[in-house]
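Next comes structure_35.pdb, with PDB, C-alpha atoms.
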ATOM      1  CA  MET Z   1      37.648  74.219 133.030
ATOM      2  CA  LYS Z   2      38.041  72.788 129.532
ATOM      3  CA  LYS Z   3      34.270  73.074 128.869
ATOM      4  CA  LYS Z   4      34.301  76.738 129.957
ATOM      5  CA  THR Z   5      37.198  77.474 127.586
ATOM      6  CA  ILE Z   6      35.403  75.809 124.670
ATOM      7  CA  LEU Z   7      32.180  77.663 125.503
ATOM      8  CA  LEU Z   8      34.008  81.018 125.638
ATOM      9  CA  PHE Z   9      35.673  80.272 122.296
ATOM     10  CA  LEU Z  10      32.311  79.471 120.697
ATOM     11  CA  ILE Z  11      30.794  82.715 122.038
ATOM     12  CA  VAL Z  12      33.692  84.744 120.588
ATOM     13  CA  VAL Z  13      33.392  82.984 117.227
ATOM     14  CA  LEU Z  14      29.644  83.587 117.113
ATOM     15  CA  LEU Z  15      29.869  87.256 118.124
ATOM     16  CA  LEU Z  16      32.855  88.165 115.940
ATOM     17  CA  PRO Z  17      30.877  88.436 112.660
ATOM     18  CA  VAL Z  18      28.314  90.639 114.422
ATOM     19  CA  THR Z  19      31.037  92.916 115.798
ATOM     20  CA  LEU Z  20      32.746  93.147 112.411
ATOM     21  CA  SER Z  21      29.484  93.875 110.629
ATOM     22  CA  GLN Z  22      28.689  96.625 113.153
ATOM     23  CA  ALA Z  23      32.134  98.170 112.609
ATOM     24  CA  GLN Z  24      31.695  97.962 108.839
ATOM     25  CA  ALA Z  25      28.251  99.546 109.091
ATOM     26  CA  GLN Z  26      29.628 102.390 111.234
ATOM     27  CA  ALA Z  27      32.464 102.935 108.739
ATOM     28  CA  GLN Z  28      29.979 102.988 105.867
ATOM     29  CA  ASP Z  29      27.759 105.466 107.742
ATOM     30  CA  SER Z  30      30.781 107.714 108.383
ATOM     31  CA  SER Z  31      31.796 107.441 104.725
ATOM     32  CA  ARG Z  32      28.286 108.377 103.608
ATOM     33  CA  ILE Z  33      28.352 111.436 105.889
ATOM     34  CA  TRP Z  34      31.659 112.599 104.386
ATOM     35  CA  ASP Z  35      30.336 111.891 100.879
ATOM     36  CA  ALA Z  36      27.308 114.064 101.634
ATOM     37  CA  ASP Z  37      29.590 116.824 102.902
ATOM     38  CA  SER Z  38      31.807 116.670  99.819
ATOM     39  CA  LEU Z  39      28.730 116.984  97.605
ATOM     40  CA  ALA Z  40      27.424 119.867  99.705
ATOM     41  CA  PHE Z  41      30.801 121.587  99.423
ATOM     42  CA  VAL Z  42      31.298 121.111  95.694
ATOM     43  CA  ASN Z  43      27.671 121.911  94.830
ATOM     44  CA  GLY Z  44      27.386 124.919  97.137
ATOM     45  CA  ARG Z  45      26.298 128.294  95.786
ATOM     46  CA  TRP Z  46      29.781 129.579  95.182
ATOM     47  CA  GLU Z  47      30.177 133.201  94.155
ATOM     48  CA  SER Z  48      33.163 133.834  91.881
ATOM     49  CA  ARG Z  49      34.843 137.174  91.371
ATOM     50  CA  LEU Z  50      37.653 137.635  88.880
ATOM     51  CA  LEU Z  51      40.129 139.998  90.519
ATOM     52  CA  HIS Z  52      42.847 139.926  87.878
ATOM     53  CA  PHE Z  53      42.698 138.784  84.263
ATOM     54  CA  GLY Z  54      46.125 137.215  84.735
ATOM     55  CA  GLY Z  55      44.521 134.613  86.937
ATOM     56  CA  ILE Z  56      43.370 135.599  90.444
ATOM     57  CA  THR Z  57      39.830 134.511  91.303
ATOM     58  CA  LEU Z  58      38.011 134.852  94.615
ATOM     59  CA  ARG Z  59      35.474 132.125  95.369
ATOM     60  CA  GLN Z  60      33.192 132.343  98.405
ATOM     61  CA  CYS Z  61      30.328 130.252  99.702
ATOM     62  CA  ALA Z  62      27.970 130.501 102.681
ATOM     63  CA  PHE Z  63      26.728 127.100 103.822
ATOM     64  CA  ARG Z  64      23.495 127.710 105.712
ATOM     65  CA  ASP Z  65      20.973 125.431 107.449
ATOM     66  CA  SER Z  66      23.807 123.304 108.877
ATOM     67  CA  SER Z  67      24.487 121.974 105.392
ATOM     68  CA  LEU Z  68      28.256 121.387 105.784
ATOM     69  CA  PHE Z  69      29.608 119.200 108.588
ATOM     70  CA  HIS Z  70      26.214 119.623 110.293
ATOM     71  CA  SER Z  71      27.040 123.302 110.775
ATOM     72  CA  ASN Z  72      26.853 126.722 109.174
ATOM     73  CA  GLN Z  73      30.092 127.669 107.446
ATOM     74  CA  PHE Z  74      31.556 130.502 105.380
ATOM     75  CA  VAL Z  75      34.547 129.667 103.179
ATOM     76  CA  SER Z  76      36.712 132.053 101.143
ATOM     77  CA  ALA Z  77      39.211 130.652  98.648
ATOM     78  CA  LEU Z  78      41.550 132.706  96.497
ATOM     79  CA  VAL Z  79      42.781 130.761  93.456
ATOM     80  CA  ILE Z  80      46.009 132.165  91.990
ATOM     81  CA  ARG Z  81      47.971 131.175  88.892
ATOM     82  CA  ASN Z  82      51.611 130.417  89.607
ATOM     83  CA  SER Z  83      52.741 133.162  87.229
ATOM     84  CA  PHE Z  84      52.291 135.676  90.063
ATOM     85  CA  ARG Z  85      55.032 136.416  92.587
ATOM     86  CA  PHE Z  86      54.651 135.630  96.271
ATOM     87  CA  ASP Z  87      56.353 137.227  99.240
ATOM     88  CA  ILE Z  88      56.483 136.736 103.009
ATOM     89  CA  LEU Z  89      56.367 139.969 105.003
ATOM     90  CA  ALA Z  90      57.111 140.602 108.672
ATOM     91  CA  ASP Z  91      57.525 143.511 111.064
ATOM     92  CA  THR Z  92      58.985 144.083 114.504
ATOM     93  CA  THR Z  93      55.510 144.997 115.690
ATOM     94  CA  LEU Z  94      52.100 143.507 114.942
ATOM     95  CA  VAL Z  95      50.402 144.749 111.772
ATOM     96  CA  LEU Z  96      46.991 144.226 110.162
ATOM     97  CA  THR Z  97      47.078 141.791 107.244
ATOM     98  CA  SER Z  98      45.418 144.451 105.084
ATOM     99  CA  ASP Z  99      48.235 146.879 105.956
ATOM    100  CA  PHE Z 100      50.841 144.289 104.956
ATOM    101  CA  VAL Z 101      49.094 144.059 101.565
ATOM    102  CA  GLU Z 102      48.967 147.843 101.223
ATOM    103  CA  TYR Z 103      52.597 148.325 102.268
ATOM    104  CA  ALA Z 104      53.839 145.706  99.789
ATOM    105  CA  GLN Z 105      51.731 147.122  96.945
ATOM    106  CA  ALA Z 106      50.364 143.600  96.629
ATOM    107  CA  LEU Z 107      47.160 142.355  95.006
ATOM    108  CA  ALA Z 108      46.158 140.034  97.850
ATOM    109  CA  GLY Z 109      47.370 138.574 101.103
ATOM    110  CA  ILE Z 110      46.606 136.208 103.930
ATOM    111  CA  ASN Z 111      47.708 136.158 107.566
ATOM    112  CA  GLY Z 112      50.819 134.157 108.379
ATOM    113  CA  SER Z 113      51.998 131.887 111.184
ATOM    114  CA  PHE Z 114      51.779 131.841 114.982
ATOM    115  CA  PHE Z 115      53.138 134.678 117.102
ATOM    116  CA  ALA Z 116      53.688 136.069 120.598
ATOM    117  CA  TRP Z 117      54.513 139.523 121.897
ATOM    118  CA  ASP Z 118      57.806 138.456 123.503
ATOM    119  CA  ALA Z 119      59.203 136.531 120.516
ATOM    120  CA  PRO Z 120      61.806 137.842 118.044
ATOM    121  CA  TRP Z 121      59.917 139.668 115.313
ATOM    122  CA  LYS Z 122      56.885 138.454 117.308
ATOM    123  CA  SER Z 123      57.151 135.042 115.584
ATOM    124  CA  VAL Z 124      57.236 131.797 117.599
ATOM    125  CA  ASN Z 125      58.094 129.886 114.416
ATOM    126  CA  TYR Z 126      61.157 130.005 112.190
ATOM    127  CA  LEU Z 127      61.097 133.097 109.983
ATOM    128  CA  ARG Z 128      63.387 134.058 107.114
ATOM    129  CA  VAL Z 129      62.681 137.131 104.980
ATOM    130  CA  ASP Z 130      64.797 138.251 102.014
ATOM    131  CA  GLY Z 131      67.459 135.739 103.009
ATOM    132  CA  ASN Z 132      67.736 137.074 106.572
ATOM    133  CA  GLU Z 133      66.928 134.775 109.493
ATOM    134  CA  LEU Z 134      64.731 136.803 111.831
ATOM    135  CA  ALA Z 135      63.313 134.273 114.305
ATOM    136  CA  PRO Z 136      63.975 130.659 115.365
ATOM    137  CA  ASN Z 137      61.396 128.040 116.249
ATOM    138  CA  ARG Z 138      60.367 128.438 119.864
ATOM    139  CA  VAL Z 139      60.286 124.879 121.205
ATOM    140  CA  PRO Z 140      59.058 123.523 124.568
ATOM    141  CA  GLN Z 141      61.500 122.747 127.374
ATOM    142  CA  ASP Z 142      61.778 119.119 126.262
ATOM    143  CA  GLY Z 143      63.407 120.373 123.052
ATOM    144  CA  ASN Z 144      60.894 118.765 120.701
ATOM    145  CA  ARG Z 145      59.097 120.761 118.040
ATOM    146  CA  THR Z 146      55.349 121.222 118.311
ATOM    147  CA  PHE Z 147      52.957 119.985 115.625
ATOM    148  CA  ARG Z 148      52.549 123.637 114.636
ATOM    149  CA  GLN Z 149      56.170 123.534 113.424
ATOM    150  CA  SER Z 150      55.766 120.412 111.291
ATOM    151  CA  GLY Z 151      56.222 122.144 107.941
ATOM    152  CA  CYS Z 152      56.725 125.466 106.239
ATOM    153  CA  ILE Z 153      55.922 127.669 103.307
ATOM    154  CA  ALA Z 154      58.887 128.879 101.260
ATOM    155  CA  VAL Z 155      59.330 131.461  98.517
ATOM    156  CA  SER Z 156      62.171 131.305  95.997
ATOM    157  CA  ASP Z 157      64.130 134.316  94.760
ATOM    158  CA  LYS Z 158      61.832 134.253  91.718
ATOM    159  CA  GLY Z 159      58.717 134.503  93.869
ATOM    160  CA  ARG Z 160      57.591 130.882  93.492
ATOM    161  CA  LEU Z 161      55.722 129.427  96.467
ATOM    162  CA  SER Z 162      56.255 125.904  97.789
ATOM    163  CA  ILE Z 163      55.046 123.904 100.797
ATOM    164  CA  HIS Z 164      57.378 121.559 102.653
ATOM    165  CA  ALA Z 165      56.551 118.828 105.181
ATOM    166  CA  LEU Z 166      59.061 118.078 107.909
ATOM    167  CA  PRO Z 167      60.290 114.469 107.604
ATOM    168  CA  GLN Z 168      59.149 112.361 110.557
ATOM    169  CA  HIS Z 169      62.697 111.362 111.490
ATOM    170  CA  VAL Z 170      63.518 115.065 111.893
ATOM    171  CA  MET Z 171      60.306 115.701 113.840
ATOM    172  CA  ASP Z 172      61.352 112.978 116.295
ATOM    173  CA  THR Z 173      64.732 114.583 117.028
ATOM    174  CA  TYR Z 174      65.752 117.664 118.963
ATOM    175  CA  ASP Z 175      66.044 119.704 115.779
ATOM    176  CA  GLN Z 176      65.006 123.258 116.605
ATOM    177  CA  ASP Z 177      65.311 124.793 113.155
ATOM    178  CA  ARG Z 178      68.265 123.203 111.358
ATOM    179  CA  TRP Z 179      65.875 121.689 108.790
ATOM    180  CA  GLU Z 180      64.516 125.118 107.822
ATOM    181  CA  LYS Z 181      68.012 126.602 107.678
ATOM    182  CA  GLU Z 182      69.009 124.016 105.087
ATOM    183  CA  LEU Z 183      66.124 124.911 102.756
ATOM    184  CA  THR Z 184      67.180 126.884  99.694
ATOM    185  CA  ALA Z 185      64.705 129.774  99.607
ATOM    186  CA  GLU Z 186      64.636 133.521 100.039
ATOM    187  CA  ASP Z 187      61.676 133.452 102.436
ATOM    188  CA  VAL Z 188      60.740 130.643 104.841
ATOM    189  CA  LEU Z 189      57.973 130.535 107.448
ATOM    190  CA  SER Z 190      57.413 127.503 109.658
ATOM    191  CA  SER Z 191      53.856 126.476 110.535
ATOM    192  CA  GLY Z 192      51.599 123.460 110.866
ATOM    193  CA  PRO Z 193      50.137 121.028 110.950
ATOM    194  CA  VAL Z 194      50.763 119.973 107.366
ATOM    195  CA  LEU Z 195      47.407 118.864 105.948
ATOM    196  CA  ARG Z 196      48.338 117.262 102.622
ATOM    197  CA  THR Z 197      51.564 116.275 100.935
ATOM    198  CA  ALA Z 198      52.025 114.811  97.447
ATOM    199  CA  GLY Z 199      48.275 114.373  97.048
ATOM    200  CA  LYS Z 200      47.721 112.492 100.301
ATOM    201  CA  ASP Z 201      46.170 113.491 103.616
ATOM    202  CA  VAL Z 202      48.571 113.674 106.559
ATOM    203  CA  PRO Z 203      47.184 112.067 109.764
ATOM    204  CA  VAL Z 204      45.768 114.735 112.084
ATOM    205  CA  ILE Z 205      46.951 114.527 115.696
ATOM    206  CA  ASP Z 206      44.185 114.039 118.260
ATOM    207  CA  ASN Z 207      44.365 117.108 120.518
ATOM    208  CA  ALA Z 208      42.202 120.007 121.670
ATOM    209  CA  PHE Z 209      43.602 122.486 119.143
ATOM    210  CA  ASN Z 210      42.820 120.216 116.214
ATOM    211  CA  ASN Z 211      39.515 118.835 117.487
ATOM    212  CA  ALA Z 212      37.814 122.142 118.326
ATOM    213  CA  ARG Z 213      36.148 124.317 115.726
ATOM    214  CA  HIS Z 214      37.925 127.603 115.112
ATOM    215  CA  PRO Z 215      38.378 130.098 112.290
ATOM    216  CA  ARG Z 216      41.149 128.608 110.145
ATOM    217  CA  THR Z 217      43.702 129.772 107.581
ATOM    218  CA  ALA Z 218      45.405 127.443 105.113
ATOM    219  CA  VAL Z 219      47.547 127.599 102.007
ATOM    220  CA  GLY Z 220      47.504 124.927  99.316
ATOM    221  CA  ILE Z 221      49.113 124.258  95.962
ATOM    222  CA  ARG Z 222      47.383 122.256  93.246
ATOM    223  CA  ARG Z 223      49.301 119.737  91.202
ATOM    224  CA  GLY Z 224      49.258 122.090  88.219
ATOM    225  CA  GLY Z 225      50.800 124.881  90.305
ATOM    226  CA  ARG Z 226      47.825 127.088  91.160
ATOM    227  CA  VAL Z 227      47.991 128.428  94.710
ATOM    228  CA  LEU Z 228      45.065 128.428  97.141
ATOM    229  CA  MET Z 229      44.709 130.963  99.955
ATOM    230  CA  VAL Z 230      41.830 129.726 102.104
ATOM    231  CA  VAL Z 231      40.084 131.212 105.132
ATOM    232  CA  VAL Z 232      37.263 129.575 107.079
ATOM    233  CA  ASP Z 233      35.273 131.963 109.265
ATOM    234  CA  GLY Z 234      34.148 130.979 112.751
ATOM    235  CA  ARG Z 235      32.918 131.911 116.230
ATOM    236  CA  ALA Z 236      29.609 133.139 114.830
ATOM    237  CA  ALA Z 237      26.116 131.791 114.274
ATOM    238  CA  GLU Z 238      26.713 132.194 110.542
ATOM    239  CA  ALA Z 239      30.029 130.308 110.633
ATOM    240  CA  ALA Z 240      30.984 127.686 113.211
ATOM    241  CA  GLY Z 241      34.606 127.298 112.152
ATOM    242  CA  MET Z 242      36.209 123.938 111.438
ATOM    243  CA  THR Z 243      38.217 121.227 113.106
ATOM    244  CA  MET Z 244      41.598 120.476 111.576
ATOM    245  CA  GLU Z 245      40.238 117.330 109.949
ATOM    246  CA  GLU Z 246      37.373 119.307 108.397
ATOM    247  CA  LEU Z 247      39.865 121.890 107.107
ATOM    248  CA  GLN Z 248      41.946 119.071 105.668
ATOM    249  CA  ARG Z 249      38.917 117.701 103.829
ATOM    250  CA  ILE Z 250      37.959 120.989 102.197
ATOM    251  CA  MET Z 251      41.568 121.470 101.081
ATOM    252  CA  ARG Z 252      41.332 118.072  99.404
ATOM    253  CA  TRP Z 253      37.990 119.025  97.813
ATOM    254  CA  LEU Z 254      39.645 122.231  96.567
ATOM    255  CA  ARG Z 255      42.169 119.909  94.878
ATOM    256  CA  ALA Z 256      45.198 120.933  96.920
ATOM    257  CA  TRP Z 257      48.126 118.611  96.209
ATOM    258  CA  ASP Z 258      50.062 120.080  99.146
ATOM    259  CA  ALA Z 259      48.486 122.067 101.980
ATOM    260  CA  ILE Z 260      49.447 123.506 105.362
ATOM    261  CA  ASN Z 261      47.605 125.168 108.232
ATOM    262  CA  LEU Z 262      48.616 128.693 109.258
ATOM    263  CA  ASP Z 263      47.576 130.734 112.294
ATOM    264  CA  GLY Z 264      43.801 130.843 112.706
ATOM    265  CA  GLY Z 265      41.299 132.097 115.258
ATOM    266  CA  GLY Z 266      41.000 135.858 115.353
ATOM    267  CA  SER Z 267      44.074 136.132 113.115
ATOM    268  CA  SER Z 268      42.358 134.610 110.063
ATOM    269  CA  ALA Z 269      42.101 137.272 107.366
ATOM    270  CA  LEU Z 270      42.012 137.287 103.566
ATOM    271  CA  CYS Z 271      42.551 140.630 101.833
ATOM    272  CA  VAL Z 272      42.274 141.475  98.131
ATOM    273  CA  ARG Z 273      42.036 144.309  95.636
ATOM    274  CA  GLU Z 274      41.354 144.412  91.924
ATOM    275  CA  ASN Z 275      44.312 146.632  91.070
ATOM    276  CA  LEU Z 276      46.829 148.847  92.820
ATOM    277  CA  ARG Z 277      44.616 151.917  92.438
ATOM    278  CA  LYS Z 278      41.799 150.271  94.400
ATOM    279  CA  PRO Z 279      41.671 150.055  98.211
ATOM    280  CA  VAL Z 280      42.434 146.790  99.990
ATOM    281  CA  GLU Z 281      39.325 144.843 101.029
ATOM    282  CA  VAL Z 282      38.967 142.314 103.826
ATOM    283  CA  VAL Z 283      36.705 139.706 102.215
ATOM    284  CA  ASN Z 284      36.217 137.243 105.064
ATOM    285  CA  HIS Z 285      34.696 137.902 108.502
ATOM    286  CA  PRO Z 286      37.524 138.211 111.067
ATOM    287  CA  SER Z 287      36.228 137.331 114.519
ATOM    288  CA  ASP Z 288      38.151 139.642 116.853
ATOM    289  CA  ASN Z 289      35.295 142.164 117.104
ATOM    290  CA  LYS Z 290      32.790 139.356 117.808
ATOM    291  CA  ARG Z 291      30.589 140.504 114.915
ATOM    292  CA  PHE Z 292      30.035 138.803 111.577
ATOM    293  CA  ASP Z 293      31.388 141.604 109.413
ATOM    294  CA  ASN Z 294      34.633 142.616 107.708
ATOM    295  CA  GLU Z 295      35.866 144.925 110.473
ATOM    296  CA  GLY Z 296      37.321 142.517 113.048
ATOM    297  CA  GLU Z 297      40.918 142.194 111.811
ATOM    298  CA  ARG Z 298      43.592 141.283 114.343
ATOM    299  CA  ARG Z 299      47.145 142.567 114.101
ATOM    300  CA  VAL Z 300      49.559 139.767 113.214
ATOM    301  CA  ALA Z 301      53.307 139.188 113.010
ATOM    302  CA  ASN Z 302      53.638 138.215 109.363
ATOM    303  CA  ALA Z 303      51.701 137.610 106.159
ATOM    304  CA  LEU Z 304      51.893 135.921 102.774
ATOM    305  CA  VAL Z 305      51.133 138.257  99.865
ATOM    306  CA  VAL Z 306      50.833 137.911  96.091
ATOM    307  CA  LYS Z 307      52.015 140.531  93.592
TER     308      LYS Z 307
END

structure tokens encoding of this file:
Amino acid sequence: MKKKTILLFLIVVLLLPVTLSQAQAQAQDSSRIWDADSLAFVNGRWESRLLHFGGITLRQCAFRDSSLFHSNQFVSALVIRNSFRFDILADTTLVLTSDFVEYAQALAGINGSFFAWDAPWKSVNYLRVDGNELAPNRVPQDGNRTFRQSGCIAVSDKGRLSIHALPQHVMDTYDQDRWEKELTAEDVLSSGPVLRTAGKDVPVIDNAFNNARHPRTAVGIRRGGRVLMVVVDGRAAEAAGMTMEELQRIMRWLRAWDAINLDGGGSSALCVRENLRKPVEVVNHPSDNKRFDNEGERRVANALVVK
């Protein structure tokens, strides 16, 4: 028995360096893949369009030949100076993102958070507009929040946008929306998952929603204050969509200091115009019409706009 134990110990000792070296090699291979993707992303053929001399620029890039994450992708990123005012809009019925922008006489807008027909103001996440609480977080029967209620975007009375991550000790309690209620802001919209906070990636939960590729919408804020409105197209040969981890990575490569995921899928829409006399344009490829064009907008419950 003693000889067998010694023999087993020797086998483990001999194989351990091999196992460690294999793990290190796999980690290095994975790192090289991500490095290649970051280079492909940064060095892509980005088209830039200055929409407002005050500091609103639309940047778009089509990644063809499976050049990003071994897939075709189409990314739209609106970069906005923090001197502009932001606003969260909502309605008692579902509205096109482009109509929210038109109604608000805004310069640009992006779709908001998750919704359902039978929810107050159609929002399943906490919603406050102009200081009025319109909808609570809809939580499962166990009383715990979902990962899609792990943070929020907030707008001050001066129109400044901020992103907040729910503290883990609050996430672990039966706190439906007390955390949001305590935030000092004129507008608040809960969403998630939070992708980055204070310059660091937030661990992405392993689940079907995060692991599958979908059209995605995200908002980020750079350390210097510039705001990013980002839409990733999907469900098309020209654009596969992204997993949550892939979305997190491009938000980092776009230099977001803080970032949060909003509603995606067929809801993902980014709308702009050069001035208030020009019509509102949908500049991404919403997927609800199952065609890779600008006509497939879905009606949504709320939106974030810039004025």

*Could you tell me, as a count of residues only, which residues have any atom at most 12 Å from (45.9, 111.4, 107.6), counting only C-alpha atoms?*
19

*Would you mind telling me which residue in Z:Ile88, Z:Leu161, Z:Val129, Z:Leu51 lies nearest to Z:Val227 when using all atoms listed in the file?*
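Closest to Z:Val227 of all the choices is Z:Leu161.
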
*Any idea what's packed within 10 Å of Z:Val231, counting all atoms listed in the file, ignoring anything in its chain fewer than 6 positions away? Could you give it as a PyMOL selection string?*
chain Z and resi 60+74-78+110-111+215-219+241+247+262+264+268-270+283-286

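Nearest to Z:Ala165 of all the residues Z:Pro140, Z:Ser191, Z:Ala303, Z:Ala62 is Z:Ser191, based on all atoms listed in the file.
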
*Would you write out, as a PyMOL selection string, every residue that the PyMOL selection byres ((chain Z and resi 38-41) around 8) captures in this file?*
chain Z and resi 34-37+42-44+67-68+250+253

*asked:* Could you list, as number ranges by chain, every residue within 12 Å of Z:Arg128, counting only C-alpha atoms and ignoring same-chain residues fewer than 3 positions away?
replied: Z: 87-91, 120-121, 123, 125, 131-137, 152-156, 177, 180-190, 302

_Best match for closeness to Z:Ala116 among Z:Thr92, Z:Leu58, Z:Asp99, Z:Lys278, counting all atoms listed in the file_ =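 Ranking Z:Thr92, Z:Leu58, Z:Asp99, Z:Lys278 by distance to Z:Ala116, first place goes to Z:Thr92.
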
*Of the candidates Z:Val232, Z:Val101, Z:Ala240, Z:Ala208, which shows the shortest atom-to-atom distance to Z:Cys271, using only C-alpha atoms?*
Z:Val101

*Find the spatial neighbours of Z:Arg85, counting only C-alpha atoms, within a cut-off of 9 Å - ignore same-chain residues fewer than 5 positions away - and output them as an MDAnalysis selection string.*
chainID Z and resid 155 158:161 305:307

*asked:* Restricting the calculation to only C-alpha atoms: of Z:Asp258, Z:Asp157, Z:Glu274, Z:Glu238, which residue gets closest to Z:Arg222?
replied: Z:Asp258

*asked:* Report, in Å with one decimal, the straight-line distance from atom CA of Z:Val95 to atom CA of Z:Arg299.
replied: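 It comes out at 4.6 Å.
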
_Counting only C-alpha atoms, which residue out of Z:Val272, Z:Leu254, Z:Ala239, Z:Ala259 sits closest to Z:Phe63?_
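With only C-alpha atoms as the atom set, the closest residue is Z:Ala239.
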